[in-house]
>>> print(open('target-v3.cif').read())   # mmCIF, C-alpha atoms
data_target
loop_
_atom_site.label_atom_id
_atom_site.label_comp_id
_atom_site.auth_asym_id
_atom_site.auth_seq_id
_atom_site.Cartn_x
_atom_site.Cartn_y
_atom_site.Cartn_z
CA ILE A 1028 11.50 18.68 5.09
CA ALA A 1029 8.48 16.45 4.45
CA VAL A 1030 8.08 15.69 8.15
CA VAL A 1031 8.41 19.37 9.08
CA ALA A 1032 5.79 20.25 6.46
CA THR A 1033 3.46 17.62 7.92
CA VAL A 1034 3.92 19.03 11.43
CA VAL A 1035 3.19 22.56 10.19
CA ALA A 1036 0.10 21.31 8.36
CA ALA A 1037 -1.09 19.53 11.53
CA VAL A 1038 -0.70 22.74 13.56
CA LEU A 1039 -2.67 24.73 10.97
CA HIS A 1040 -5.25 21.94 10.86
CA LEU A 1041 -5.67 22.15 14.63
CA ALA A 1042 -6.00 25.94 14.39
CA ALA A 1043 -8.80 25.50 11.84
CA LEU A 1044 -10.67 23.15 14.18
CA VAL A 1045 -10.21 25.40 17.21
CA THR A 1046 -11.37 28.53 15.40
CA ARG A 1047 -14.34 26.62 13.95
CA GLY A 1048 -15.30 25.47 17.44
CA VAL A 1049 -14.92 28.98 18.87
CA ALA A 1050 -17.02 30.46 16.07
CA ALA A 1051 -19.76 27.87 16.62
CA ASP A 1052 -19.44 27.97 20.44
CA ARG A 1053 -19.41 24.16 20.57
CA MET A 1054 -17.25 21.17 19.72
CA PRO A 1055 -16.62 21.19 15.94
CA TRP A 1056 -18.35 17.89 15.20
CA GLY A 1057 -21.86 18.97 14.21
CA ASN A 1058 -21.86 18.03 10.50
CA MET A 1059 -19.98 16.04 7.87
CA TYR A 1060 -17.57 18.87 7.09
CA GLU A 1061 -16.47 19.22 10.68
CA PHE A 1062 -16.41 15.46 11.23
CA VAL A 1063 -14.08 14.87 8.27
CA LEU A 1064 -11.80 17.71 9.36
CA THR A 1065 -11.53 16.24 12.85
CA VAL A 1066 -11.01 12.65 11.68
CA THR A 1067 -8.22 13.68 9.34
CA PHE A 1068 -6.56 15.70 12.09
CA ILE A 1069 -6.65 12.67 14.39
CA GLY A 1070 -5.18 10.54 11.60
CA VAL A 1071 -2.28 12.93 10.97
CA SER A 1072 -1.60 13.41 14.68
CA ALA A 1073 -1.54 9.64 15.23
CA TRP A 1074 0.85 9.30 12.31
CA LEU A 1075 3.24 11.81 13.87
CA VAL A 1076 3.17 9.78 17.10
CA VAL A 1077 3.90 6.59 15.16
CA LEU A 1078 6.69 8.36 13.27
CA ALA A 1079 8.29 9.55 16.51
CA LYS A 1080 8.37 5.97 17.79
CA ARG A 1081 9.23 4.27 14.48
CA PRO A 1082 11.32 6.64 12.30
CA SER A 1083 12.06 3.75 9.93
CA LEU A 1084 8.46 4.01 8.68
CA ARG A 1085 8.93 7.60 7.48
CA LYS A 1086 8.37 6.87 3.79
CA LEU A 1087 4.86 5.68 4.60
CA GLY A 1088 4.07 9.36 5.20
CA LEU A 1089 3.80 10.00 1.45
CA PHE A 1090 0.79 7.70 1.17
CA LEU A 1091 -0.74 8.90 4.44
CA THR A 1092 -0.56 12.58 3.50
CA LEU A 1093 -1.97 11.80 0.04
CA VAL A 1094 -5.05 10.23 1.63
CA MET A 1095 -5.40 13.17 4.02
CA VAL A 1096 -5.09 15.75 1.25
CA LEU A 1097 -7.82 14.03 -0.76
CA LEU A 1098 -10.18 13.89 2.23
CA VAL A 1099 -9.52 17.47 3.34
CA ALA A 1100 -10.00 18.67 -0.25
CA THR A 1101 -13.32 16.81 -0.38
CA ALA A 1102 -14.37 18.43 2.88
CA GLU A 1103 -13.45 21.92 1.70
CA LEU A 1104 -14.78 21.67 -1.86
CA VAL A 1105 -17.86 19.50 -1.40
CA LEU A 1106 -18.89 19.30 2.26
CA TYR A 1107 -18.26 22.83 3.50
CA VAL A 1108 -21.16 24.56 5.26
CA PRO A 1109 -21.20 27.85 7.20
CA VAL A 1110 -20.96 27.81 10.98
CA VAL A 1111 -24.33 27.04 12.56
CA PRO A 1112 -25.46 26.31 16.13
CA LEU A 1113 -25.76 22.72 17.27
CA VAL A 1114 -29.14 21.23 16.41
CA PRO A 1115 -31.30 20.47 19.48
CA ALA A 1116 -31.11 16.70 18.90
CA LEU A 1117 -27.35 16.81 19.53
CA ASN A 1118 -27.47 19.10 22.57
CA SER A 1119 -26.47 16.52 25.17
CA TYR A 1120 -23.39 15.54 27.16
CA TRP A 1121 -23.60 12.23 25.26
CA PHE A 1122 -22.74 14.22 22.15
CA VAL A 1123 -19.22 14.75 23.49
CA ILE A 1124 -18.88 11.18 24.80
CA HIS A 1125 -20.24 9.38 21.74
CA VAL A 1126 -18.93 11.58 18.94
CA SER A 1127 -15.46 12.11 20.45
CA THR A 1128 -14.86 8.35 20.64
CA ILE A 1129 -16.28 7.80 17.16
CA VAL A 1130 -14.06 10.56 15.77
CA PHE A 1131 -10.96 9.28 17.55
CA SER A 1132 -11.40 5.64 16.54
CA SER A 1133 -12.28 6.65 12.97
CA GLY A 1134 -9.07 8.69 12.77
CA ILE A 1135 -7.02 5.68 13.90
CA PHE A 1136 -8.83 3.40 11.44
CA LEU A 1137 -8.11 5.98 8.73
CA LEU A 1138 -4.43 5.83 9.59
CA GLY A 1139 -4.59 2.03 9.82
CA VAL A 1140 -5.85 1.54 6.28
CA VAL A 1141 -2.73 3.21 4.86
CA PRO A 1142 -0.22 0.59 6.08
CA ALA A 1143 -2.82 -2.08 5.27
CA VAL A 1144 -2.94 -1.15 1.58
CA SER A 1145 0.80 -0.48 1.59
CA PHE A 1146 1.42 -3.96 3.01
CA LEU A 1147 -0.61 -5.57 0.22
CA MET A 1148 1.38 -3.67 -2.40
CA ARG A 1149 4.75 -4.26 -0.72
CA ARG A 1150 4.08 -7.96 -0.26
CA GLY A 1151 3.31 -8.25 -3.95
CA TYR A 1152 6.48 -6.34 -4.80
CA GLU A 1153 8.57 -8.59 -2.57
CA ALA A 1154 6.98 -11.58 -4.31
CA GLY A 1155 8.32 -10.33 -7.65
CA LYS A 1156 5.33 -8.45 -9.04
CA ARG A 1157 6.44 -5.39 -11.01
CA SER A 1158 3.16 -4.15 -12.47
CA PHE A 1159 1.09 -1.23 -11.17
CA PRO A 1160 0.36 -0.68 -8.29
CA TYR A 1161 3.07 -2.93 -6.83
CA THR A 1162 5.84 -0.73 -8.23
CA LEU A 1163 4.61 2.07 -5.93
CA ALA A 1164 5.79 -0.01 -2.99
CA LYS A 1165 9.42 -0.14 -4.13
CA ARG A 1166 10.65 2.24 -1.42
CA LEU A 1167 8.15 1.38 1.28
CA PRO A 1168 9.22 -0.30 4.54
CA ALA A 1169 9.30 -4.10 4.66
CA ALA A 1170 5.97 -5.89 4.39
CA ALA A 1171 6.28 -7.40 7.88
CA ALA A 1172 6.66 -3.96 9.50
CA LEU A 1173 3.66 -2.60 7.61
CA GLU A 1174 1.50 -5.57 8.57
CA ARG A 1175 2.49 -5.26 12.21
CA LEU A 1176 1.62 -1.55 12.24
CA THR A 1177 -1.75 -2.34 10.65
CA PHE A 1178 -2.55 -4.79 13.42
CA VAL A 1179 -1.39 -2.50 16.25
CA LEU A 1180 -3.49 0.44 15.02
CA HIS A 1181 -6.64 -1.65 14.54
CA ALA A 1182 -6.21 -3.43 17.87
CA PHE A 1183 -5.90 -0.02 19.54
CA ALA A 1184 -8.89 1.57 17.77
CA PHE A 1185 -11.35 -1.32 17.97
CA PRO A 1186 -12.11 -1.16 21.73
CA ILE A 1187 -12.61 2.60 21.46
CA PHE A 1188 -14.96 2.11 18.52
CA THR A 1189 -16.83 -0.55 20.50
CA PHE A 1190 -17.28 1.87 23.40
CA ALA A 1191 -18.49 4.54 20.96
CA VAL A 1192 -21.19 2.22 19.60
CA ILE A 1193 -22.29 1.31 23.13
CA ALA A 1194 -22.36 4.99 24.13
CA GLY A 1195 -24.46 5.71 21.06
CA ALA A 1196 -26.96 3.04 22.11
CA ILE A 1197 -27.20 4.53 25.60
CA TRP A 1198 -27.74 7.99 24.10
CA ALA A 1199 -30.41 6.58 21.78
CA GLU A 1200 -32.22 5.07 24.76
CA ALA A 1201 -32.24 8.45 26.50
CA ALA A 1202 -33.19 10.46 23.39
CA TRP A 1203 -35.54 8.13 21.49
CA GLY A 1204 -36.64 5.58 24.07
CA ARG A 1205 -34.86 2.63 22.47
CA PRO A 1206 -31.16 1.67 22.38
CA TRP A 1207 -31.18 0.23 18.85
CA GLY A 1208 -33.56 0.60 15.94
CA TRP A 1209 -31.59 -0.42 12.84
CA ASP A 1210 -31.44 3.14 11.60
CA PRO A 1211 -29.18 3.24 8.48
CA LYS A 1212 -26.24 4.72 10.39
CA GLU A 1213 -26.70 2.27 13.27
CA THR A 1214 -26.84 -0.60 10.80
CA TRP A 1215 -23.64 0.41 9.05
CA ALA A 1216 -21.89 1.05 12.36
CA PHE A 1217 -22.76 -2.53 13.29
CA ILE A 1218 -21.50 -3.77 9.91
CA SER A 1219 -18.21 -1.92 10.46
CA TRP A 1220 -17.91 -3.39 13.95
CA VAL A 1221 -18.46 -6.93 12.66
CA VAL A 1222 -15.92 -6.50 9.84
CA TYR A 1223 -13.24 -5.08 12.13
CA ALA A 1224 -13.92 -7.81 14.69
CA GLY A 1225 -13.55 -10.29 11.84
CA TYR A 1226 -10.19 -8.77 10.93
CA LEU A 1227 -8.85 -9.08 14.47
CA HIS A 1228 -10.13 -12.64 14.71
CA ALA A 1229 -8.56 -13.53 11.35
CA ARG A 1230 -5.30 -11.86 12.35
CA ALA A 1231 -5.18 -13.97 15.52
CA THR A 1232 -5.93 -17.21 13.65
CA PRO A 1233 -2.70 -18.91 12.49
CA SER A 1234 -4.38 -20.67 9.57
CA VAL A 1235 -5.51 -17.36 8.01
CA LYS A 1236 -2.91 -15.76 5.75
CA ARG A 1237 -1.86 -12.25 6.67
CA ASN A 1238 -2.84 -10.81 3.29
CA VAL A 1239 -6.36 -12.28 3.65
CA ALA A 1240 -6.74 -10.74 7.10
CA THR A 1241 -5.46 -7.41 5.80
CA TRP A 1242 -8.03 -7.38 3.02
CA ILE A 1243 -10.70 -7.65 5.72
CA ALA A 1244 -9.24 -4.55 7.40
CA VAL A 1245 -9.41 -2.67 4.09
CA LEU A 1246 -13.04 -3.78 3.68
CA GLY A 1247 -13.73 -2.43 7.16
CA PHE A 1248 -12.52 0.99 6.13
CA PHE A 1249 -14.82 0.97 3.10
CA THR A 1250 -17.76 0.26 5.41
CA MET A 1251 -16.69 3.28 7.48
CA LEU A 1252 -16.66 5.42 4.33
CA MET A 1253 -20.10 4.12 3.45
CA ASN A 1254 -21.34 5.06 6.92
CA LEU A 1255 -19.92 8.56 6.64
CA PHE A 1256 -20.67 9.48 3.04
CA GLY A 1257 -23.13 6.96 1.60
CA VAL A 1258 -25.55 6.86 4.54
CA ASN A 1259 -25.51 10.64 5.06
CA ILE A 1260 -26.03 11.45 1.40
CA PHE A 1261 -28.31 8.68 0.10
CA PHE A 1262 -30.33 7.62 3.14
CA THR A 1263 -32.58 9.35 5.64
CA GLY A 1264 -33.11 8.39 9.24
CA LEU A 1265 -32.85 9.57 12.82
CA HIS A 1266 -29.21 10.51 12.18
CA SER A 1267 -30.00 12.70 9.17
CA TYR A 1268 -29.09 15.83 11.15
CA GLY A 1269 -25.50 14.66 10.91
CA GLY A 1270 -25.48 15.05 7.13
CA LEU A 1271 -24.20 17.83 4.93
CA SER A 1272 -25.77 20.53 7.07
#
>>> encode(input="target-v3.cif", output="structure tokens")
Amino acid sequence: IAVVATVVAAVLHLAALVTRGVAADRMPWGNMYEFVLTVTFIGVSAWLVVLAKRPSLRKLGLFLTLVMVLLVATAELVLYVPVVPLVPALNSYWFVIHVSTIVFSSGIFLLGVVPAVSFLMRRGYEAGKRSFPYTLAKRLPAAAALERLTFVLHAFAFPIFTFAVIAGAIWAEAAWGRPWGWDPKETWAFISWVVYAGYLHARATPSVKRNVATWIAVLGFFTMLMNLFGVNIFFTGLHSYGGLS
């Protein structure tokens, strides 16, 4: 029943994105509200693909859908803006190339942080810890399976994210006459890239414990949240048109 409900929710989620795009006569990625809606849809869709291949991970869906509900609720209650045309600064074919890859990789990273946190809790539970939050992991899959899923998702998303950053630099060269200017969003995208690269390096280094490497992955997701919410709300720069409106 839970899986069926998730599938129905994903279909309705897709319908919301399609109708938003039709109403705006463009891809629905022009502001924070639309970006969060798309990222969460990618995350849920990727989860359903993972679930189809690894049914034994089904109970992880409780934590994944909880994260998605919180983000979608934030989008609807805090970030919602009426449909508006695309601002001139975004009217370029690079908009589709750059933003689509950012959205897709962000959705996979969003999915990836769920097994990462779950692994940390499950590993503690398997080590005998019975305090909160380790007790939440009682019915989760084995720690090894969660850690492996974390690595696979991040290894898949990282090259796409790298391409997205490169595409953004090419677009910046065409639009602003320079590929990189340490704009707040550019800076935090670079920070996220470094942290995720650090995670993959740590994961591939035998001397680094798996829980240490996983904490780096969790830190990477917090840098992504900072880039999405913190930079758009508290900073101004050349990317300010991608904020709340």
>>> atom_distance(input="target-v3.cif", atom1="atom CA of A:Leu1091", atom2="atom CA of A:Ala1050")
29.4 Å
>>> residues_around(input="target-v3.cif", residues="stretch 1137-1149 of chain A", least_positions_apart="6", cutoff="8 Å", atoms="all atoms listed in the file", output="ChimeraX atom specification")
/A:1066-1067,1070-1071,1073-1074,1087,1090-1091,1160-1165,1167-1171,1173-1174,1176-1178,1180-1181,1238,1241-1242,1244-1245,1248
>>> write_last_selection(input="target-v3.cif", atoms="C-alpha atoms", output="PDB file, in the coordinates of the input")
ATOM      1  CA  VAL A1066     -11.010  12.650  11.680  1.00  0.00           C
ATOM      2  CA  THR A1067      -8.220  13.680   9.340  1.00  0.00           C
ATOM      3  CA  GLY A1070      -5.180  10.540  11.600  1.00  0.00           C
ATOM      4  CA  VAL A1071      -2.280  12.930  10.970  1.00  0.00           C
ATOM      5  CA  ALA A1073      -1.540   9.640  15.230  1.00  0.00           C
ATOM      6  CA  TRP A1074       0.850   9.300  12.310  1.00  0.00           C
ATOM      7  CA  LEU A1087       4.860   5.680   4.600  1.00  0.00           C
ATOM      8  CA  PHE A1090       0.790   7.700   1.170  1.00  0.00           C
ATOM      9  CA  LEU A1091      -0.740   8.900   4.440  1.00  0.00           C
ATOM     10  CA  PRO A1160       0.360  -0.680  -8.290  1.00  0.00           C
ATOM     11  CA  TYR A1161       3.070  -2.930  -6.830  1.00  0.00           C
ATOM     12  CA  THR A1162       5.840  -0.730  -8.230  1.00  0.00           C
ATOM     13  CA  LEU A1163       4.610   2.070  -5.930  1.00  0.00           C
ATOM     14  CA  ALA A1164       5.790  -0.010  -2.990  1.00  0.00           C
ATOM     15  CA  LYS A1165       9.420  -0.140  -4.130  1.00  0.00           C
ATOM     16  CA  LEU A1167       8.150   1.380   1.280  1.00  0.00           C
ATOM     17  CA  PRO A1168       9.220  -0.300   4.540  1.00  0.00           C
ATOM     18  CA  ALA A1169       9.300  -4.100   4.660  1.00  0.00           C
ATOM     19  CA  ALA A1170       5.970  -5.890   4.390  1.00  0.00           C
ATOM     20  CA  ALA A1171       6.280  -7.400   7.880  1.00  0.00           C
ATOM     21  CA  LEU A1173       3.660  -2.600   7.610  1.00  0.00           C
ATOM     22  CA  GLU A1174       1.500  -5.570   8.570  1.00  0.00           C
ATOM     23  CA  LEU A1176       1.620  -1.550  12.240  1.00  0.00           C
ATOM     24  CA  THR A1177      -1.750  -2.340  10.650  1.00  0.00           C
ATOM     25  CA  PHE A1178      -2.550  -4.790  13.420  1.00  0.00           C
ATOM     26  CA  LEU A1180      -3.490   0.440  15.020  1.00  0.00           C
ATOM     27  CA  HIS A1181      -6.640  -1.650  14.540  1.00  0.00           C
ATOM     28  CA  ASN A1238      -2.840 -10.810   3.290  1.00  0.00           C
ATOM     29  CA  THR A1241      -5.460  -7.410   5.800  1.00  0.00           C
ATOM     30  CA  TRP A1242      -8.030  -7.380   3.020  1.00  0.00           C
ATOM     31  CA  ALA A1244      -9.240  -4.550   7.400  1.00  0.00           C
ATOM     32  CA  VAL A1245      -9.410  -2.670   4.090  1.00  0.00           C
ATOM     33  CA  PHE A1248     -12.520   0.990   6.130  1.00  0.00           C
TER      34      PHE A1248
END
>>> resolve_selection(input="target-v3.cif", expression="the PyMOL selection byres ((chain A and resi 1068) around 10)", output="list of chain:residue names")
A:Ala1036, A:Ala1037, A:Val1038, A:Leu1039, A:His1040, A:Leu1041, A:Leu1044, A:Phe1062, A:Val1063, A:Leu1064, A:Thr1065, A:Val1066, A:Thr1067, A:Ile1069, A:Gly1070, A:Val1071, A:Ser1072, A:Ala1073, A:Trp1074, A:Met1095, A:Val1099, A:Val1130, A:Phe1131, A:Gly1134
>>> closest_residue(input="target-v3.cif", among="A:Arg1085, A:Arg1157, A:Arg1053, A:Lys1212", to="A:Leu1117", atoms="only C-alpha atoms")
A:Arg1053
>>> closest_residue(input="target-v3.cif", among="A:Pro1233, A:Ala1194, A:Trp1203, A:Leu1084", to="A:Arg1175", atoms="only C-alpha atoms")
A:Leu1084
>>> resolve_selection(input="target-v3.cif", expression="the PyMOL selection byres ((chain A and resi 1100-1103) around 9)", output="list in words")
Met1059, Tyr1060, Glu1061, Val1063, Leu1064, Met1095, Val1096, Leu1097, Leu1098, Val1099, Leu1104, Val1105, Leu1106, Tyr1107 and Val1108 of chain A
>>> residues_around(input="target-v3.cif", residues="A:Val1030", least_positions_apart="2", cutoff="9 Å", atoms="all atoms listed in the file", output="number ranges by chain")
A: 1028, 1032-1035, 1075, 1085, 1088
>>> atom_distance(input="target-v3.cif", atom1="atom CA of A:Ile1187", atom2="atom CA of A:Trp1215")
16.7 Å
>>> closest_residue(input="target-v3.cif", among="A:Val1221, A:Ala1154, A:Val1126, A:Ile1135", to="A:Ala1184", atoms="all atoms listed in the file")
A:Ile1135
>>> residues_around(input="target-v3.cif", residues="A:Gly1195", least_positions_apart="5", cutoff="10 Å", atoms="all atoms listed in the file", output="list in words")
Trp1121, Phe1122, Ile1124, His1125, Val1126, Thr1128, Ile1129, Thr1189, Phe1190, Glu1200, Ala1201, Pro1206, Trp1207 and Glu1213 of chain A
>>> residues_around(input="target-v3.cif", residues="A:Arg1230", least_positions_apart="4", cutoff="9 Å", atoms="all atoms listed in the file", output="JSON, numbers by chain")
{"A": [1178, 1225, 1226, 1235, 1236, 1237, 1239, 1240, 1241]}
>>> atom_distance(input="target-v3.cif", atom1="atom CA of A:Ala1191", atom2="atom CA of A:Ala1216")
9.9 Å
>>> closest_residue(input="target-v3.cif", among="A:Gly1155, A:Ala1029, A:Pro1211, A:Tyr1223", to="A:Gly1257", atoms="only C-alpha atoms")
A:Pro1211
>>> axis_aligned_box(input="target-v3.cif", around="stretch 1035-1040 of chain A", padding_each_side="3 Å", output="lines of an AutoDock Vina configuration file")
center_x = -1.0
center_y = 22.1
center_z = 11.0
size_x = 14.4
size_y = 11.2
size_z = 11.2
>>> closest_residue(input="target-v3.cif", among="A:Val1049, A:Asp1210, A:Ala1172, A:Val1111", to="A:Asn1259", atoms="all atoms listed in the file")
A:Asp1210
>>> build_atoms(input="target-v3.cif", residues="stretch 1198-1224 of chain A", atoms="N, CA, C and O atoms", output="PDB file, in the coordinates of the input")
ATOM      1  N   TRP A1198     -27.187   6.684  24.477  1.00  0.00           N
ATOM      2  CA  TRP A1198     -27.740   7.990  24.100  1.00  0.00           C
ATOM      3  C   TRP A1198     -29.071   7.816  23.377  1.00  0.00           C
ATOM      4  O   TRP A1198     -30.025   8.566  23.625  1.00  0.00           O
ATOM      5  N   ALA A1199     -29.160   6.835  22.499  1.00  0.00           N
ATOM      6  CA  ALA A1199     -30.410   6.580  21.780  1.00  0.00           C
ATOM      7  C   ALA A1199     -31.532   6.209  22.736  1.00  0.00           C
ATOM      8  O   ALA A1199     -32.689   6.613  22.547  1.00  0.00           O
ATOM      9  N   GLU A1200     -31.211   5.438  23.756  1.00  0.00           N
ATOM     10  CA  GLU A1200     -32.220   5.070  24.760  1.00  0.00           C
ATOM     11  C   GLU A1200     -32.744   6.309  25.472  1.00  0.00           C
ATOM     12  O   GLU A1200     -33.957   6.453  25.708  1.00  0.00           O
ATOM     13  N   ALA A1201     -31.837   7.232  25.803  1.00  0.00           N
ATOM     14  CA  ALA A1201     -32.240   8.450  26.500  1.00  0.00           C
ATOM     15  C   ALA A1201     -32.999   9.407  25.590  1.00  0.00           C
ATOM     16  O   ALA A1201     -33.950  10.075  26.023  1.00  0.00           O
ATOM     17  N   ALA A1202     -32.598   9.480  24.311  1.00  0.00           N
ATOM     18  CA  ALA A1202     -33.190  10.460  23.390  1.00  0.00           C
ATOM     19  C   ALA A1202     -34.450   9.945  22.707  1.00  0.00           C
ATOM     20  O   ALA A1202     -35.413  10.691  22.515  1.00  0.00           O
ATOM     21  N   TRP A1203     -34.454   8.675  22.313  1.00  0.00           N
ATOM     22  CA  TRP A1203     -35.540   8.130  21.490  1.00  0.00           C
ATOM     23  C   TRP A1203     -36.324   7.006  22.151  1.00  0.00           C
ATOM     24  O   TRP A1203     -37.256   6.477  21.561  1.00  0.00           O
ATOM     25  N   GLY A1204     -35.914   6.604  23.351  1.00  0.00           N
ATOM     26  CA  GLY A1204     -36.640   5.580  24.070  1.00  0.00           C
ATOM     27  C   GLY A1204     -36.328   4.162  23.636  1.00  0.00           C
ATOM     28  O   GLY A1204     -37.010   3.217  24.027  1.00  0.00           O
ATOM     29  N   ARG A1205     -35.294   3.983  22.849  1.00  0.00           N
ATOM     30  CA  ARG A1205     -34.860   2.630  22.470  1.00  0.00           C
ATOM     31  C   ARG A1205     -33.366   2.677  22.179  1.00  0.00           C
ATOM     32  O   ARG A1205     -32.844   3.652  21.619  1.00  0.00           O
ATOM     33  N   PRO A1206     -32.611   1.652  22.575  1.00  0.00           N
ATOM     34  CA  PRO A1206     -31.160   1.670  22.380  1.00  0.00           C
ATOM     35  C   PRO A1206     -30.733   1.350  20.957  1.00  0.00           C
ATOM     36  O   PRO A1206     -29.636   1.724  20.545  1.00  0.00           O
ATOM     37  N   TRP A1207     -31.569   0.635  20.211  1.00  0.00           N
ATOM     38  CA  TRP A1207     -31.180   0.230  18.850  1.00  0.00           C
ATOM     39  C   TRP A1207     -32.427   0.084  18.001  1.00  0.00           C
ATOM     40  O   TRP A1207     -33.397  -0.528  18.404  1.00  0.00           O
ATOM     41  N   GLY A1208     -32.383   0.662  16.805  1.00  0.00           N
ATOM     42  CA  GLY A1208     -33.560   0.600  15.940  1.00  0.00           C
ATOM     43  C   GLY A1208     -33.249   0.307  14.490  1.00  0.00           C
ATOM     44  O   GLY A1208     -34.097   0.459  13.633  1.00  0.00           O
ATOM     45  N   TRP A1209     -32.019  -0.111  14.197  1.00  0.00           N
ATOM     46  CA  TRP A1209     -31.590  -0.420  12.840  1.00  0.00           C
ATOM     47  C   TRP A1209     -31.787   0.765  11.893  1.00  0.00           C
ATOM     48  O   TRP A1209     -32.130   0.614  10.727  1.00  0.00           O
ATOM     49  N   ASP A1210     -31.577   1.954  12.429  1.00  0.00           N
ATOM     50  CA  ASP A1210     -31.440   3.140  11.600  1.00  0.00           C
ATOM     51  C   ASP A1210     -30.266   2.914  10.651  1.00  0.00           C
ATOM     52  O   ASP A1210     -29.332   2.179  10.991  1.00  0.00           O
ATOM     53  N   PRO A1211     -30.272   3.506   9.429  1.00  0.00           N
ATOM     54  CA  PRO A1211     -29.180   3.240   8.480  1.00  0.00           C
ATOM     55  C   PRO A1211     -27.783   3.435   9.066  1.00  0.00           C
ATOM     56  O   PRO A1211     -26.888   2.618   8.836  1.00  0.00           O
ATOM     57  N   LYS A1212     -27.578   4.497   9.834  1.00  0.00           N
ATOM     58  CA  LYS A1212     -26.240   4.720  10.390  1.00  0.00           C
ATOM     59  C   LYS A1212     -25.923   3.693  11.470  1.00  0.00           C
ATOM     60  O   LYS A1212     -24.783   3.226  11.580  1.00  0.00           O
ATOM     61  N   GLU A1213     -26.909   3.320  12.275  1.00  0.00           N
ATOM     62  CA  GLU A1213     -26.700   2.270  13.270  1.00  0.00           C
ATOM     63  C   GLU A1213     -26.356   0.948  12.594  1.00  0.00           C
ATOM     64  O   GLU A1213     -25.472   0.216  13.041  1.00  0.00           O
ATOM     65  N   THR A1214     -27.069   0.661  11.517  1.00  0.00           N
ATOM     66  CA  THR A1214     -26.840  -0.600  10.800  1.00  0.00           C
ATOM     67  C   THR A1214     -25.428  -0.662  10.246  1.00  0.00           C
ATOM     68  O   THR A1214     -24.727  -1.678  10.401  1.00  0.00           O
ATOM     69  N   TRP A1215     -24.977   0.428   9.635  1.00  0.00           N
ATOM     70  CA  TRP A1215     -23.640   0.410   9.050  1.00  0.00           C
ATOM     71  C   TRP A1215     -22.552   0.482  10.109  1.00  0.00           C
ATOM     72  O   TRP A1215     -21.451  -0.051   9.908  1.00  0.00           O
ATOM     73  N   ALA A1216     -22.844   1.093  11.250  1.00  0.00           N
ATOM     74  CA  ALA A1216     -21.890   1.050  12.360  1.00  0.00           C
ATOM     75  C   ALA A1216     -21.723  -0.391  12.835  1.00  0.00           C
ATOM     76  O   ALA A1216     -20.606  -0.837  13.139  1.00  0.00           O
ATOM     77  N   PHE A1217     -22.820  -1.124  12.889  1.00  0.00           N
ATOM     78  CA  PHE A1217     -22.760  -2.530  13.290  1.00  0.00           C
ATOM     79  C   PHE A1217     -21.994  -3.355  12.255  1.00  0.00           C
ATOM     80  O   PHE A1217     -21.179  -4.214  12.607  1.00  0.00           O
ATOM     81  N   ILE A1218     -22.234  -3.065  10.965  1.00  0.00           N
ATOM     82  CA  ILE A1218     -21.500  -3.770   9.910  1.00  0.00           C
ATOM     83  C   ILE A1218     -20.005  -3.512  10.052  1.00  0.00           C
ATOM     84  O   ILE A1218     -19.182  -4.441   9.967  1.00  0.00           O
ATOM     85  N   SER A1219     -19.627  -2.251  10.280  1.00  0.00           N
ATOM     86  CA  SER A1219     -18.210  -1.920  10.460  1.00  0.00           C
ATOM     87  C   SER A1219     -17.631  -2.665  11.662  1.00  0.00           C
ATOM     88  O   SER A1219     -16.517  -3.199  11.597  1.00  0.00           O
ATOM     89  N   TRP A1220     -18.389  -2.702  12.744  1.00  0.00           N
ATOM     90  CA  TRP A1220     -17.910  -3.390  13.950  1.00  0.00           C
ATOM     91  C   TRP A1220     -17.676  -4.873  13.673  1.00  0.00           C
ATOM     92  O   TRP A1220     -16.658  -5.433  14.081  1.00  0.00           O
ATOM     93  N   VAL A1221     -18.600  -5.502  12.967  1.00  0.00           N
ATOM     94  CA  VAL A1221     -18.460  -6.930  12.660  1.00  0.00           C
ATOM     95  C   VAL A1221     -17.242  -7.174  11.768  1.00  0.00           C
ATOM     96  O   VAL A1221     -16.469  -8.120  11.985  1.00  0.00           O
ATOM     97  N   VAL A1222     -17.050  -6.315  10.761  1.00  0.00           N
ATOM     98  CA  VAL A1222     -15.920  -6.500   9.840  1.00  0.00           C
ATOM     99  C   VAL A1222     -14.596  -6.329  10.574  1.00  0.00           C
ATOM    100  O   VAL A1222     -13.666  -7.137  10.410  1.00  0.00           O
ATOM    101  N   TYR A1223     -14.480  -5.289  11.395  1.00  0.00           N
ATOM    102  CA  TYR A1223     -13.240  -5.080  12.130  1.00  0.00           C
ATOM    103  C   TYR A1223     -13.003  -6.186  13.152  1.00  0.00           C
ATOM    104  O   TYR A1223     -11.855  -6.609  13.375  1.00  0.00           O
ATOM    105  N   ALA A1224     -14.070  -6.666  13.782  1.00  0.00           N
ATOM    106  CA  ALA A1224     -13.920  -7.810  14.690  1.00  0.00           C
ATOM    107  C   ALA A1224     -13.456  -9.031  13.910  1.00  0.00           C
ATOM    108  O   ALA A1224     -12.620  -9.815  14.391  1.00  0.00           O
TER     109      ALA A1224
END
